[in-house]
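A.B. asks: So that we are looking at the same thing, I have put the structure below in structure tokens.
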Amino acid sequence: MRYRRMLLLIAAATACLIAFSCAPRVIVKNTESVLTEKMIPVADEEMPSWQDMIKNGKDSEQRAKGAFWAGQYYYNKKDWDNALKYFSYNEKYYTDVEWGYLSVFRAVDIYAGRKETDTAVEKIKLLMEKRLQFPAFKAAVNLQLDEILKTLPAEELDRLYEKHAHKLIDEMILYRQCKAAFAENDFERFFKYAGSFLFQFRDSEYYDEIQKKFSESAKYKPVNGRSIGVIIPLTGKSMGIGAVIRNGLEIALGEYNEGREESKRAGLVYVDEAAANLEELVLKAIERDNVIAFIGPTYSKTVKQILPIMQQYNTVLFSPTAAQPELVENNDLFFRNCGTARGQANAMAKYIIENTRFKKMSTIYSDDNYGKTLNDAFTAKFTALGGTILKQAGFKPDTNDFRQQIVALGGVDAMLLKSKRAEEAQALSAEMEAAGKRIQQKLFDYLNLYQDEEVPLPTPGRNTKDIKPVVSAAILHFSPLGERVKKYMIDDEMTKKLSYTIAKDPRIKVFKQSATDAAMSDIGLEPADLDRELALSVAANVGADMLIWGRIVEAESDTVYANFVPEEYLDANGTTRYTYSFTQDDYFDFTVVINVLSRADEAVVDTITFNYRKIKEPRFNPMEVEALYIPAIDRKMVLIKDQLKFYDFDLPMYASSAMGSPYISAFMESVEGTVYASEFYQDETYAPAQEFLRKYREKYGVNADVIAANSYDAMSIICALVSSNIESRENFKQVLSGVRNYEGVNGAFSFDSTGDSVRDYFIMKLSGGEAKFQKKVKGE
């Protein structure tokens, strides 16, 4: 019996042990478990309490926690849409608390599982941005990112890198690309990625690893990695520019070499760009001095001249000045850090869209490579950002009269309006002259016919003072019936000119206008009040034999402005010409009726009716242009600005970097208010710029300009590459092409995919006789 009891106890104990070992593992619902476990059980009976917590939690932490576990419930069931509903709620409202942050963390898993890589990376970007708030989660987020990246092919990683979602994401992408290329012995790819990585992420925990692999993989032809060629004018008329470039280079080189052993110092090999045997000197620098790359040349034409040599030897040109747009086209050996037409135009378009109210603009540009490149780039960027270019007008480089371009955009053609007004005045005089002569004849015809009086006729040579008036006439002020009759004083002009014409005949006494006006005033009449009976009454009051009285009736019109915008056409030579096609709608029409009556018997002596018209006023800015972009050289800008004022089209004006030239300083009042993009700003408070400006003044006794600053930055970038112990020209090219976000004295700088500069520009405004800094804008 006792033995049996022991067996039962042993069996019970064994059953307990078995039951304990088979029980499910309990996972605590806390933040640590979320980081390590994906499937954390949430029972059906728990859901009401989590959902209640979302609505009634005492604080944001509790509400976010409720939403997380409600999302986890659906996550466990692989009901991704419902899970994302709760996780997205937390992302929207509670990313500043732990459970909100972890909701984004969990959402990344869903998007990654559904192969929605872009969305997953965007969520990781948010996690990266808030990493300082939640340092305990950093390792888990990095691991999560790495898990996503390692599943992607190289092409997909390249695409993600080009998005530049976040610096830490870029770091991880480049690191993984480096490792993959190295493992595959694809050293061309490795140098490309490693160069970018080493240049951008010097503080990375993976830096030493990639640096070591980079050094081990140098299997290209070795060159002198510390010898840099420089192609600048050392003689001739451009040697002054060469000296400025050299000054900037030498300061940067001195900073790099300071404190280094002789064997590790960089050196410059100068080549005279102005030399007749330039190609020979360049070849000597490549073959004898074994330079790894060249800084320069200064001029775009020199780039084109020596480019075949660079292609033969796979050697980079890095110019701080050569700016012609086409140099970077289909050419992977040319780089530059100077400002470009495209870059400054992009910066200006961004500045206008982001910092002004202007959304509708027109442009006036020089019809050459410089002007068209700026205009096309500005137009493309401005419209891409939501702006509208209403109209564009080009001009030949030798143009000094910009009337056609300005009026084509809506400027008031004052000369054309003046010509029209002169034609109208001439037409009015002709009408009044004809009417006056006709009335003279009608008066005497009436007198001879009805009063049987002999009217003596003036004869040539006879003194008109001897001729006595035989009839008197009161010419009343014409009745103005219409707003524009009075506005343009047509009634005054017609009354005066008719009186003058009739009074030329000494046989007719024309009462002075002041007398008839006084007679009307005495009985409280205005010219517009006159009718037949009132007019006869006034004539009787002054004692006139004849009454002459007219009415000017304005026709109704649906518009108040004329269309003074010319039509454009191309002539046989392909030159743009302008013509005006005024229509009836562009005129105010008036009907003029002149009545001639005998006061005694009130008989109608004559009635004259004719039509008169007057051009309407040109509408100011008919296309409602809000501002102008005018990329032109400094001298043209001064002329254009003055002529804009003349043609009543002085709108806010935005211009190119040409407005920063010394020439403009003599015309500051003329160009007041103009805004332009500059590559360089001497008063920049940015610390590296201030330090460079100080050193330059101390060493050379003058202020640095943009050329010196660009040269300094170019040399500094090359020195940074030299410090990586690059041993081949191909490696140098690959590493240089990966330069991104370099902080130079001119601000942030990067190369785009063609080797062209993507840099900061300084938006300046000419005000009160000086250029005033407005904002720094990246020209991308």
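Order determines the names: the first chain of the structure tokens is A, the second B, and so forth; residues in each chain are numbered 1 upward, and ligands are numbered 1 upward as they are shown.
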Pick out the residues sitting within 6 Å of A:Ala473, and hand them over as a VMD selection string; count only C-alpha atoms, and ignore anything fewer than 2 positions along from it in its own chain.
C.D. replies: chain A and resid 510 544 to 547
A.B. asks: If we count only C-alpha atoms and set the cut-off at 9 Å, which residues sit around A:Asn224, ignoring sequence neighbours fewer than 2 positions away in its own chain? Please answer as a VMD selection string.
C.D. replies: chain A and resid 222 226 to 228 289 to 292 726 to 728
A.B. asks: For stretch 642-655 of chain A, list every protein, DNA or RNA residue within 6 Å, evaluated using only C-alpha atoms, and leave out those in the same chain fewer than 4 positions away; present the list as a list in words.
C.D. replies: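 Contacts, in chain order: Gly411, Val412, Asp413, Ala627, Leu628, Tyr629, Ile630, Pro631, Thr674, Val675 and Tyr676 of chain A.
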A.B. asks: Put those residues in a file: all heavy atoms, as a PDB file, in the first residue's frame.
C.D. replies:
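Now in selection-v1.pdb:
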ATOM      1  N   GLY A 411       3.351  96.058 -71.479  1.00  0.00           N
ATOM      2  CA  GLY A 411       3.734  97.440 -71.205  1.00  0.00           C
ATOM      3  C   GLY A 411       2.934  98.404 -72.068  1.00  0.00           C
ATOM      4  O   GLY A 411       2.476  98.055 -73.165  1.00  0.00           O
ATOM      5  N   VAL A 412       2.742  99.599 -71.588  1.00  0.00           N
ATOM      6  CA  VAL A 412       1.975 100.611 -72.313  1.00  0.00           C
ATOM      7  C   VAL A 412       2.872 101.266 -73.349  1.00  0.00           C
ATOM      8  O   VAL A 412       3.875 101.897 -73.009  1.00  0.00           O
ATOM      9  CB  VAL A 412       1.411 101.676 -71.354  1.00  0.00           C
ATOM     10  CG1 VAL A 412       0.695 102.764 -72.145  1.00  0.00           C
ATOM     11  CG2 VAL A 412       0.471 101.023 -70.349  1.00  0.00           C
ATOM     12  N   ASP A 413       2.498 101.119 -74.627  1.00  0.00           N
ATOM     13  CA  ASP A 413       3.274 101.723 -75.707  1.00  0.00           C
ATOM     14  C   ASP A 413       2.919 103.204 -75.784  1.00  0.00           C
ATOM     15  O   ASP A 413       2.027 103.621 -76.526  1.00  0.00           O
ATOM     16  CB  ASP A 413       2.968 101.012 -77.024  1.00  0.00           C
ATOM     17  CG  ASP A 413       3.954 101.394 -78.118  1.00  0.00           C
ATOM     18  OD1 ASP A 413       4.604 102.448 -77.975  1.00  0.00           O
ATOM     19  OD2 ASP A 413       4.079 100.634 -79.095  1.00  0.00           O
ATOM     20  N   ALA A 627       5.264  89.645 -61.757  1.00  0.00           N
ATOM     21  CA  ALA A 627       6.681  89.964 -61.646  1.00  0.00           C
ATOM     22  C   ALA A 627       7.378  89.501 -62.918  1.00  0.00           C
ATOM     23  O   ALA A 627       6.820  88.737 -63.713  1.00  0.00           O
ATOM     24  CB  ALA A 627       7.301  89.289 -60.419  1.00  0.00           C
ATOM     25  N   LEU A 628       8.622  89.967 -63.096  1.00  0.00           N
ATOM     26  CA  LEU A 628       9.396  89.642 -64.296  1.00  0.00           C
ATOM     27  C   LEU A 628      10.696  88.952 -63.916  1.00  0.00           C
ATOM     28  O   LEU A 628      11.340  89.317 -62.924  1.00  0.00           O
ATOM     29  CB  LEU A 628       9.721  90.919 -65.076  1.00  0.00           C
ATOM     30  CG  LEU A 628       8.538  91.729 -65.613  1.00  0.00           C
ATOM     31  CD1 LEU A 628       9.032  93.060 -66.146  1.00  0.00           C
ATOM     32  CD2 LEU A 628       7.796  90.955 -66.700  1.00  0.00           C
ATOM     33  N   TYR A 629      11.079  87.950 -64.706  1.00  0.00           N
ATOM     34  CA  TYR A 629      12.417  87.354 -64.604  1.00  0.00           C
ATOM     35  C   TYR A 629      13.176  87.762 -65.856  1.00  0.00           C
ATOM     36  O   TYR A 629      12.732  87.502 -66.980  1.00  0.00           O
ATOM     37  CB  TYR A 629      12.332  85.841 -64.497  1.00  0.00           C
ATOM     38  CG  TYR A 629      13.702  85.177 -64.433  1.00  0.00           C
ATOM     39  CD1 TYR A 629      14.548  85.410 -63.358  1.00  0.00           C
ATOM     40  CD2 TYR A 629      14.136  84.332 -65.445  1.00  0.00           C
ATOM     41  CE1 TYR A 629      15.797  84.814 -63.295  1.00  0.00           C
ATOM     42  CE2 TYR A 629      15.391  83.723 -65.382  1.00  0.00           C
ATOM     43  CZ  TYR A 629      16.211  83.968 -64.306  1.00  0.00           C
ATOM     44  OH  TYR A 629      17.456  83.392 -64.240  1.00  0.00           O
ATOM     45  N   ILE A 630      14.323  88.440 -65.667  1.00  0.00           N
ATOM     46  CA  ILE A 630      15.068  88.979 -66.801  1.00  0.00           C
ATOM     47  C   ILE A 630      16.533  88.569 -66.680  1.00  0.00           C
ATOM     48  O   ILE A 630      17.342  89.251 -66.030  1.00  0.00           O
ATOM     49  CB  ILE A 630      14.936  90.524 -66.861  1.00  0.00           C
ATOM     50  CG1 ILE A 630      13.455  90.926 -66.821  1.00  0.00           C
ATOM     51  CG2 ILE A 630      15.610  91.058 -68.114  1.00  0.00           C
ATOM     52  CD1 ILE A 630      13.212  92.410 -66.843  1.00  0.00           C
ATOM     53  N   PRO A 631      16.918  87.451 -67.296  1.00  0.00           N
ATOM     54  CA  PRO A 631      18.316  87.035 -67.287  1.00  0.00           C
ATOM     55  C   PRO A 631      19.079  87.708 -68.426  1.00  0.00           C
ATOM     56  O   PRO A 631      18.975  87.311 -69.584  1.00  0.00           O
ATOM     57  CB  PRO A 631      18.218  85.522 -67.491  1.00  0.00           C
ATOM     58  CG  PRO A 631      16.969  85.333 -68.289  1.00  0.00           C
ATOM     59  CD  PRO A 631      16.030  86.447 -67.897  1.00  0.00           C
ATOM     60  N   THR A 674      15.749  95.452 -57.516  1.00  0.00           N
ATOM     61  CA  THR A 674      16.004  94.226 -58.275  1.00  0.00           C
ATOM     62  C   THR A 674      16.553  93.134 -57.355  1.00  0.00           C
ATOM     63  O   THR A 674      17.414  93.382 -56.517  1.00  0.00           O
ATOM     64  CB  THR A 674      16.997  94.493 -59.418  1.00  0.00           C
ATOM     65  OG1 THR A 674      16.469  95.517 -60.263  1.00  0.00           O
ATOM     66  CG2 THR A 674      17.239  93.231 -60.228  1.00  0.00           C
ATOM     67  N   VAL A 675      16.060  91.921 -57.535  1.00  0.00           N
ATOM     68  CA  VAL A 675      16.501  90.767 -56.749  1.00  0.00           C
ATOM     69  C   VAL A 675      17.258  89.818 -57.676  1.00  0.00           C
ATOM     70  O   VAL A 675      16.828  89.570 -58.804  1.00  0.00           O
ATOM     71  CB  VAL A 675      15.297  90.043 -56.116  1.00  0.00           C
ATOM     72  CG1 VAL A 675      15.745  88.814 -55.328  1.00  0.00           C
ATOM     73  CG2 VAL A 675      14.526  91.001 -55.209  1.00  0.00           C
ATOM     74  N   TYR A 676      18.390  89.304 -57.204  1.00  0.00           N
ATOM     75  CA  TYR A 676      19.181  88.414 -58.055  1.00  0.00           C
ATOM     76  C   TYR A 676      19.861  87.340 -57.209  1.00  0.00           C
ATOM     77  O   TYR A 676      19.936  87.440 -55.982  1.00  0.00           O
ATOM     78  CB  TYR A 676      20.234  89.204 -58.840  1.00  0.00           C
ATOM     79  CG  TYR A 676      21.297  89.863 -57.997  1.00  0.00           C
ATOM     80  CD1 TYR A 676      22.527  89.245 -57.782  1.00  0.00           C
ATOM     81  CD2 TYR A 676      21.089  91.109 -57.418  1.00  0.00           C
ATOM     82  CE1 TYR A 676      23.516  89.848 -57.009  1.00  0.00           C
ATOM     83  CE2 TYR A 676      22.063  91.726 -56.655  1.00  0.00           C
ATOM     84  CZ  TYR A 676      23.270  91.087 -56.447  1.00  0.00           C
ATOM     85  OH  TYR A 676      24.252  91.676 -55.675  1.00  0.00           O
TER      86      TYR A 676
END
A.B. asks: Name all residues at most 6 Å from stretch 730-739 of chain A (count only C-alpha atoms; drop same-chain ones fewer than 3 positions away) and give them as a list in words.
C.D. replies: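 Everything that qualifies: Lys192, Gly195, Ser196 and Ser750 of chain A.
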A.B. asks: Can you write out the residues you just picked, keeping C-alpha atoms, as a PDB file, in the first residue's frame?
C.D. replies:
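selection_2.pdb was written with the following content:
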ATOM      1  CA  LYS A 192      32.159  54.085 -56.468  1.00  0.00           C
ATOM      2  CA  GLY A 195      34.337  56.719 -52.261  1.00  0.00           C
ATOM      3  CA  SER A 196      30.949  58.181 -51.461  1.00  0.00           C
ATOM      4  CA  SER A 750      27.180  68.483 -54.111  1.00  0.00           C
TER       5      SER A 750
END
A.B. asks: As number ranges by chain, please: every residue in stretch 504-694 of chain A that a backbone DSSP assignment puts in strand (DSSP E or B).
C.D. replies: A: 508-510, 546-554, 561-562, 567-570, 576-579, 587-598, 604-615, 617-618, 627-630, 653-655, 675-678
A.B. asks: Atom CA of A:Ile295 to atom CA of A:Tyr370: how many Å, to one decimal?
C.D. replies: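 Rounded to one decimal, the two atoms are 23.9 Å apart.
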A.B. asks: List the spatial neighbours of A:Leu234 as a PyMOL selection string - criterion: any atom at most 7 Å away, only C-alpha atoms, same-chain residues fewer than 3 positions off excluded.
C.D. replies: chain A and resi 239+242+272-274
A.B. asks: Report the distance between atom CA of A:Leu149 and atom CA of A:Gln177 in Å, rounded to one decimal place.
C.D. replies: 9.7 Å
A.B. asks: Just the number, please: distance in Å from atom CA of A:Leu84 to atom CA of A:Lys115, one decimal.
C.D. replies: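 Atom CA of A:Lys115 lies at a distance of 15.0 Å from atom CA of A:Leu84.
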A.B. asks: Go through A:Val565, A:Met659, A:Ala603, A:Ile508 and flag the residue nearest A:Asp634, using only C-alpha atoms for the distances.
C.D. replies: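 With only C-alpha atoms as the atom set, the closest residue is A:Met659.
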A.B. asks: Taking into account only C-alpha atoms, which residue in the set A:Ile173, A:Val758, A:Ala714, A:Val596 is nearest to A:Thr321?
C.D. replies: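 That would be A:Ala714, the residue with the smallest distance to A:Thr321.
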